[in-house]
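Participant: Here it is, the structure in full.
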Amino acid sequence: MRVLLYTGKGGVGKTSVSAATALYCAELGYRTLVMSTDPAHSLTDSFGQHIRSEPTPLAKNLWGLEIDPFREIEENWAIVKDYLSTLFASQGVNDIVAEELSILPGMDELFSLLKIRNFYEQNAYDVIVVDCAPTGATLRLLHFPEMIGWYMRRLFHVQRKVVGTIRKFTDEIFSIPLPREEVYDTVERLYKRVGDMKAVLADPEVTSIRLVLNPEKMVIEETRRAYTYLNLFGFVCDAVIANKVLPDEVTDKYFAEWKASQQRYLEEVEASFGLLPIFKVRLYEREVVGIKALRQMAKDLYGDCDPTDHFAEVKPMRIVKRGKDYWLELHLPFTEKGEIHLLRRGDELIIRVGTIKRHLVLPHILAKQEPKGAKIEDGILQIRFGTS
Ligand SMILES: Nc1ncnc2c1ncn2[C@@H]1O[C@H](COP(=O)(O)OP(=O)(O)OP(=O)(O)O)[C@@H](O)[C@H]1O
Ligand SMILES: [Mg+2]
């Protein structure tokens, strides 16, 4: 099975490209599901057909799904949500605000990603195409497994033991309500599911992330940043899609300046994402809506290529042995050395790049060793581990 994720800055064409890709996959004979992690129901607009929160048939071999975030939260988080609401309310927070606070930011999107794992397990489709929320939200989401894992390890296990002991005496001496077993069970279940999902999304055999952009300054900057962080979190990007490129036949003087600037930015895109193939799509005369327009977009986009192919083999992380030392290598394009901070804590390595932190649980072989130094060469962060 293949999972293809399309992400990029707001408005660049993620939904249109996802819909076009899914349609093309279906027409190539793959059983395809296209789903959106974006609560704004935009796939419905792209296909011009109503898509429900259950796989909805759209064409031969093609199903669409729009997540209902409220339903997902009720099904997956209700017990914790009720506990947190009670907790906040006990601290004098107004009921409505308490209810809002009990849903962590990004949770609705998180549950939609968890759905991917369910479908993956059922093996009901050959391809799942995911129309992601804009880059920032997607990054935060992909960071979730590590964040929740960190809390679970550091906080929950410890607290669970303590709470178990305390509860033997009484709840009432405390001014805050203590969580019941079901709350821990729910968080633990979620932790496991998030871990399983991360394993699917970080498996380069299964998942490829594609960066959709427009040849414009701010869009390229944001996409570069996203590319670095995706690598840092261990996800594989295998293509860039440059959408809304003005075609040659536009000769109108009014657009001359636009064309020239797009040309410059396309060169910059090529220089920036050199390892990844760049697929270009022109700006059409009108919006890309309906099967016919989507089919045209897919044809222009992929030509004779199969969208389920692996377009690039860039491994975000690997461990190599040189002499007596082990080197952990992370592919981190667009990073200056000064921006990187490393901190070792037990079997964890904390890597900070700019404002984003990654807690990397070190593989067994490195956990016994000390980080001895780090350098960046050709966009690869190399950390040396040794015993002496
Ligand atoms: N190549 C193109 N030519 C013309 N119109 C396009 C093209 N690509 C996308 N569009 C149109 O641009 C608009 C935005 O596209 P789309 O909704 O796919 O972007 P998005 O990245 O999903 O946006 P959001 O971040 O809001 O989810 C839509 O109206 C779509 O039909
Ligand atoms: Mg969209």
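In the structure tokens, chains take letters A, B, ... by order of appearance, with residues numbered from 1 within each chain and ligands from 1 in the order shown.
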Taking only region 164-295 of chain A into account, list the residues labelled helix (DSSP H, G or I) by DSSP (computed from the backbone), as a PyMOL selection string.
Facilitator: chain A and resi 164-169+181-201+217-232+253-272+291-295
Participant: Ligand 1: which residues are within 8 Å, counting only C-alpha atoms and all ligand atoms? Reply as JSON, numbers by chain.
Facilitator: {"A": [7, 8, 9, 10, 11, 12, 13, 14, 15, 16, 17, 18, 38, 40, 42, 46, 131, 132, 133, 134, 212, 243, 244, 245, 281, 282, 283, 284, 285, 286, 287, 288, 289, 297]}
Participant: What would the file look like if the residues just selected were written as a PDB file, in the first residue's frame with C-alpha atoms?
Facilitator:
ATOM      1  CA  THR A   7       1.362  19.554   1.939  1.00  0.00           C
ATOM      2  CA  GLY A   8       2.362  23.175   1.361  1.00  0.00           C
ATOM      3  CA  LYS A   9       1.518  26.754   2.252  1.00  0.00           C
ATOM      4  CA  GLY A  10      -2.121  27.858   2.326  1.00  0.00           C
ATOM      5  CA  GLY A  11      -3.818  28.213  -1.045  1.00  0.00           C
ATOM      6  CA  VAL A  12      -1.040  26.781  -3.239  1.00  0.00           C
ATOM      7  CA  GLY A  13      -3.233  23.964  -4.591  1.00  0.00           C
ATOM      8  CA  LYS A  14      -2.862  21.036  -2.167  1.00  0.00           C
ATOM      9  CA  THR A  15      -6.494  19.998  -2.371  1.00  0.00           C
ATOM     10  CA  SER A  16      -6.620  20.250  -6.174  1.00  0.00           C
ATOM     11  CA  VAL A  17      -3.369  18.303  -6.600  1.00  0.00           C
ATOM     12  CA  SER A  18      -4.469  15.634  -4.088  1.00  0.00           C
ATOM     13  CA  ASP A  38      -8.310  19.846   6.794  1.00  0.00           C
ATOM     14  CA  ALA A  40     -12.654  22.859   5.833  1.00  0.00           C
ATOM     15  CA  SER A  42     -12.634  21.324   0.351  1.00  0.00           C
ATOM     16  CA  SER A  46     -12.856  20.002  -5.835  1.00  0.00           C
ATOM     17  CA  ASP A 131      -4.744  16.363   1.403  1.00  0.00           C
ATOM     18  CA  CYS A 132      -2.976  17.892   4.410  1.00  0.00           C
ATOM     19  CA  ALA A 133      -3.663  21.118   6.211  1.00  0.00           C
ATOM     20  CA  PRO A 134      -1.227  23.981   5.443  1.00  0.00           C
ATOM     21  CA  VAL A 212       3.213  21.705  -3.259  1.00  0.00           C
ATOM     22  CA  ASN A 243       1.672  24.758  -9.285  1.00  0.00           C
ATOM     23  CA  LYS A 244       0.131  27.769 -11.024  1.00  0.00           C
ATOM     24  CA  VAL A 245       3.046  28.371 -13.384  1.00  0.00           C
ATOM     25  CA  VAL A 281       1.568  22.523 -13.481  1.00  0.00           C
ATOM     26  CA  ARG A 282       0.363  25.550 -15.345  1.00  0.00           C
ATOM     27  CA  LEU A 283      -2.101  28.121 -14.130  1.00  0.00           C
ATOM     28  CA  TYR A 284      -5.349  27.184 -15.869  1.00  0.00           C
ATOM     29  CA  GLU A 285      -7.848  29.592 -17.311  1.00  0.00           C
ATOM     30  CA  ARG A 286     -10.231  28.734 -14.498  1.00  0.00           C
ATOM     31  CA  GLU A 287     -10.480  26.978 -11.143  1.00  0.00           C
ATOM     32  CA  VAL A 288      -9.769  23.261 -11.036  1.00  0.00           C
ATOM     33  CA  VAL A 289     -13.182  21.854 -10.188  1.00  0.00           C
ATOM     34  CA  MET A 297      -4.400  18.514 -14.130  1.00  0.00           C
TER      35      MET A 297
END
Participant: Could you list, as number ranges by chain, every residue within 12 Å of Ala260 (chain A), counting only C-alpha atoms and ignoring same-chain residues fewer than 2 positions away?
Facilitator: A: 215-216, 245-248, 250-251, 253-258, 262-267
Participant: Got a sec: who's within 8 Å of Asp238 (chain A), counting only C-alpha atoms, leaving out chain neighbours fewer than 4 positions off, as a PyMOL selection string?
Facilitator: chain A and resi 208-210+276-277+310-314
Participant: Those same residues - C-alpha atoms - I'd like them written as a CSV table (one decimal), in the first residue's frame.
Facilitator:
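To be explicit, this is the file written out as result-v7.csv:
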chain,number,residue,atom,x,y,z
A,208,SER,CA,5.9,9.8,0.5
A,209,ILE,CA,5.4,13.4,1.2
A,210,ARG,CA,5.1,15.8,-1.7
A,276,LEU,CA,13.8,16.0,-5.6
A,277,PRO,CA,12.2,16.0,-9.0
A,310,HIS,CA,9.0,6.6,-5.3
A,311,PHE,CA,10.3,9.7,-7.0
A,312,ALA,CA,13.5,10.1,-4.9
A,313,GLU,CA,15.4,7.9,-2.4
A,314,VAL,CA,16.5,10.3,0.2
Participant: Which polymer residues have any atom within 9 Å of an atom of region 65-76 of chain A, counting only C-alpha atoms, with same-chain residues fewer than 6 positions away left out, as a compact mmCIF listing (two decimals) with N, CA and C atoms, in the first residue's frame?
Facilitator:
# COMPACT_ATOMS: atom_id res chain seq x y z
N LEU A 33 -8.26 5.82 -1.97
CA LEU A 33 -9.05 6.64 -1.05
C LEU A 33 -8.38 8.00 -0.96
N VAL A 34 -9.15 9.06 -1.15
CA VAL A 34 -8.59 10.40 -0.95
C VAL A 34 -9.27 11.00 0.27
N MET A 35 -8.46 11.50 1.19
CA MET A 35 -9.05 12.09 2.40
C MET A 35 -8.33 13.38 2.77
N SER A 36 -9.03 14.19 3.54
CA SER A 36 -8.48 15.49 3.89
C SER A 36 -8.32 15.59 5.39
N THR A 37 -7.19 16.12 5.84
CA THR A 37 -7.03 16.33 7.29
C THR A 37 -7.45 17.76 7.63
N ASP A 38 -7.91 18.46 6.62
CA ASP A 38 -8.31 19.85 6.79
C ASP A 38 -9.80 19.89 7.14
N PRO A 39 -10.14 20.48 8.28
CA PRO A 39 -11.56 20.49 8.64
C PRO A 39 -12.45 21.26 7.65
N ALA A 40 -11.86 22.19 6.87
CA ALA A 40 -12.65 22.86 5.83
C ALA A 40 -12.89 21.82 4.73
N HIS A 41 -14.15 21.57 4.43
CA HIS A 41 -14.45 20.44 3.54
C HIS A 41 -14.22 20.79 2.08
N SER A 42 -12.94 20.81 1.68
CA SER A 42 -12.63 21.32 0.35
C SER A 42 -12.61 20.26 -0.74
N LEU A 43 -12.44 18.97 -0.36
CA LEU A 43 -12.48 17.93 -1.40
C LEU A 43 -13.85 17.91 -2.07
N THR A 44 -14.87 18.14 -1.26
CA THR A 44 -16.23 18.22 -1.80
C THR A 44 -16.29 19.28 -2.90
N ILE A 51 -19.06 14.72 -0.24
CA ILE A 51 -18.25 13.65 0.34
C ILE A 51 -18.55 13.57 1.83
N ARG A 52 -18.85 12.36 2.29
CA ARG A 52 -19.28 12.20 3.69
C ARG A 52 -18.09 11.83 4.59
N SER A 53 -18.42 11.58 5.87
CA SER A 53 -17.34 11.21 6.80
C SER A 53 -17.10 9.70 6.80
N GLU A 54 -17.74 9.00 5.86
CA GLU A 54 -17.44 7.59 5.57
C GLU A 54 -16.95 7.56 4.13
N PRO A 55 -16.10 6.57 3.76
CA PRO A 55 -15.65 6.53 2.36
C PRO A 55 -16.83 6.59 1.39
N THR A 56 -16.83 7.62 0.56
CA THR A 56 -17.94 7.89 -0.36
C THR A 56 -17.47 7.59 -1.79
N ILE A 103 -9.63 20.26 24.49
CA ILE A 103 -9.23 19.73 23.18
C ILE A 103 -7.94 20.42 22.79
N MET A 107 -5.72 18.58 17.51
CA MET A 107 -6.27 17.27 17.79
C MET A 107 -7.18 16.75 16.70
N ASP A 108 -8.01 17.64 16.14
CA ASP A 108 -8.92 17.19 15.08
C ASP A 108 -8.12 16.62 13.91
N GLU A 109 -7.01 17.30 13.58
CA GLU A 109 -6.19 16.79 12.48
C GLU A 109 -5.48 15.51 12.87
N PHE A 111 -6.55 13.15 14.75
CA PHE A 111 -7.44 12.00 14.63
C PHE A 111 -7.65 11.62 13.17
N SER A 112 -7.57 12.61 12.29
CA SER A 112 -7.73 12.23 10.88
C SER A 112 -6.51 11.45 10.41
N THR A 186 -7.21 5.73 28.11
CA THR A 186 -7.46 6.43 26.85
C THR A 186 -6.18 7.07 26.33
N LEU A 190 -4.19 6.08 22.98
CA LEU A 190 -3.89 7.08 21.97
C LEU A 190 -2.39 7.10 21.68
Participant: Using only C-alpha atoms, which of A:Ile380, A:Val93, A:Cys237, A:Met197 sits nearest Tyr120 (chain A)?
Facilitator: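 Of the candidates, the smallest distance to Tyr120 (chain A) is held by A:Met197.
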Participant: Which residue gives the smallest distance to ligand 2 among A:Tyr125, A:Trp77, A:Arg189, A:Val130, with only C-alpha atoms and all ligand atoms counted?
Facilitator: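 Result for the nearest residue to ligand 2: A:Val130.
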Participant: Just list the residues in region 166-372 of chain A DSSP gives strand (DSSP E or B) on the backbone, as a VMD selection string.
Facilitator: chain A and resid 207 to 213 237 to 245 278 to 282 317 to 322 325 to 331 340 to 345 348 to 353 356 to 361 370 to 372
Participant: I need the chosen residues saved as a short mmCIF file (atom, residue, chain, number, x, y, z; two decimals), in the first residue's frame, with C-alpha atoms.
Facilitator:
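Output file result_33.cif follows:
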data_model
loop_
_atom_site.label_atom_id
_atom_site.label_comp_id
_atom_site.auth_asym_id
_atom_site.auth_seq_id
_atom_site.Cartn_x
_atom_site.Cartn_y
_atom_site.Cartn_z
CA THR A 207 4.66 6.94 2.69
CA SER A 208 5.94 9.77 0.51
CA ILE A 209 5.39 13.42 1.25
CA ARG A 210 5.07 15.83 -1.66
CA LEU A 211 5.60 19.55 -1.29
CA VAL A 212 3.21 21.71 -3.26
CA LEU A 213 4.33 25.27 -3.92
CA CYS A 237 9.74 13.84 0.81
CA ASP A 238 10.08 12.56 -2.72
CA ALA A 239 8.82 15.37 -4.99
CA VAL A 240 8.05 19.05 -5.33
CA ILE A 241 5.02 20.22 -7.26
CA ALA A 242 5.28 23.74 -8.64
CA ASN A 243 1.67 24.76 -9.29
CA LYS A 244 0.13 27.77 -11.02
CA VAL A 245 3.05 28.37 -13.38
CA ILE A 278 10.05 19.05 -9.68
CA PHE A 279 6.69 18.56 -11.39
CA LYS A 280 5.23 21.68 -12.94
CA VAL A 281 1.57 22.52 -13.48
CA ARG A 282 0.36 25.55 -15.35
CA MET A 317 18.44 9.38 8.89
CA ARG A 318 21.10 6.71 8.95
CA ILE A 319 23.82 5.34 11.20
CA VAL A 320 27.24 4.58 9.77
CA LYS A 321 30.37 3.20 11.40
CA ARG A 322 33.70 4.80 10.59
CA ASP A 325 33.07 5.69 15.91
CA TYR A 326 29.43 5.66 14.98
CA TRP A 327 27.96 8.58 13.10
CA LEU A 328 24.32 9.49 13.15
CA GLU A 329 23.49 11.32 9.94
CA LEU A 330 20.37 13.41 9.51
CA HIS A 331 19.46 14.99 6.22
CA ILE A 340 21.54 23.57 15.83
CA HIS A 341 21.67 22.59 19.48
CA LEU A 342 22.22 19.09 20.79
CA LEU A 343 21.50 17.80 24.27
CA ARG A 344 21.81 14.25 25.49
CA ARG A 345 19.54 13.02 28.28
CA GLU A 348 17.33 10.57 24.34
CA LEU A 349 19.02 13.06 22.12
CA ILE A 350 17.38 16.44 21.97
CA ILE A 351 18.05 18.22 18.72
CA ARG A 352 16.91 21.79 18.41
CA VAL A 353 16.74 23.46 15.02
CA ILE A 356 11.45 23.21 16.72
CA LYS A 357 12.81 20.50 18.99
CA ARG A 358 13.07 16.84 18.29
CA HIS A 359 13.40 14.26 21.00
CA LEU A 360 15.09 11.38 19.30
CA VAL A 361 15.15 8.13 21.22
CA GLU A 370 28.38 9.66 24.06
CA PRO A 371 27.90 12.32 21.38
CA LYS A 372 31.41 13.61 20.75
#
Participant: Pick the closest to ligand 2 from A:Asn94, A:Thr135, A:Gln49, A:Asn118: which is it, counting only C-alpha atoms and all ligand atoms?
Facilitator: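 Nearest candidate to ligand 2 out of A:Asn94, A:Thr135, A:Gln49, A:Asn118: A:Thr135.
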Participant: Determine, counting only C-alpha atoms, which protein, DNA and RNA residues have an atom within 12 Å of an atom of Ala59 (chain A); residues of the same chain fewer than 4 positions away are not included. Present the result as number ranges by chain.
Facilitator: A: 19, 22-27, 29-34, 47, 49, 55, 63-64, 290-292, 295
Participant: What's the separation between CA of Tyr302 (chain A) and CA of Asn231 (chain A), in Å to one decimal place?
Facilitator: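 Between CA of Tyr302 (chain A) and CA of Asn231 (chain A) the gap is 24.4 Å.
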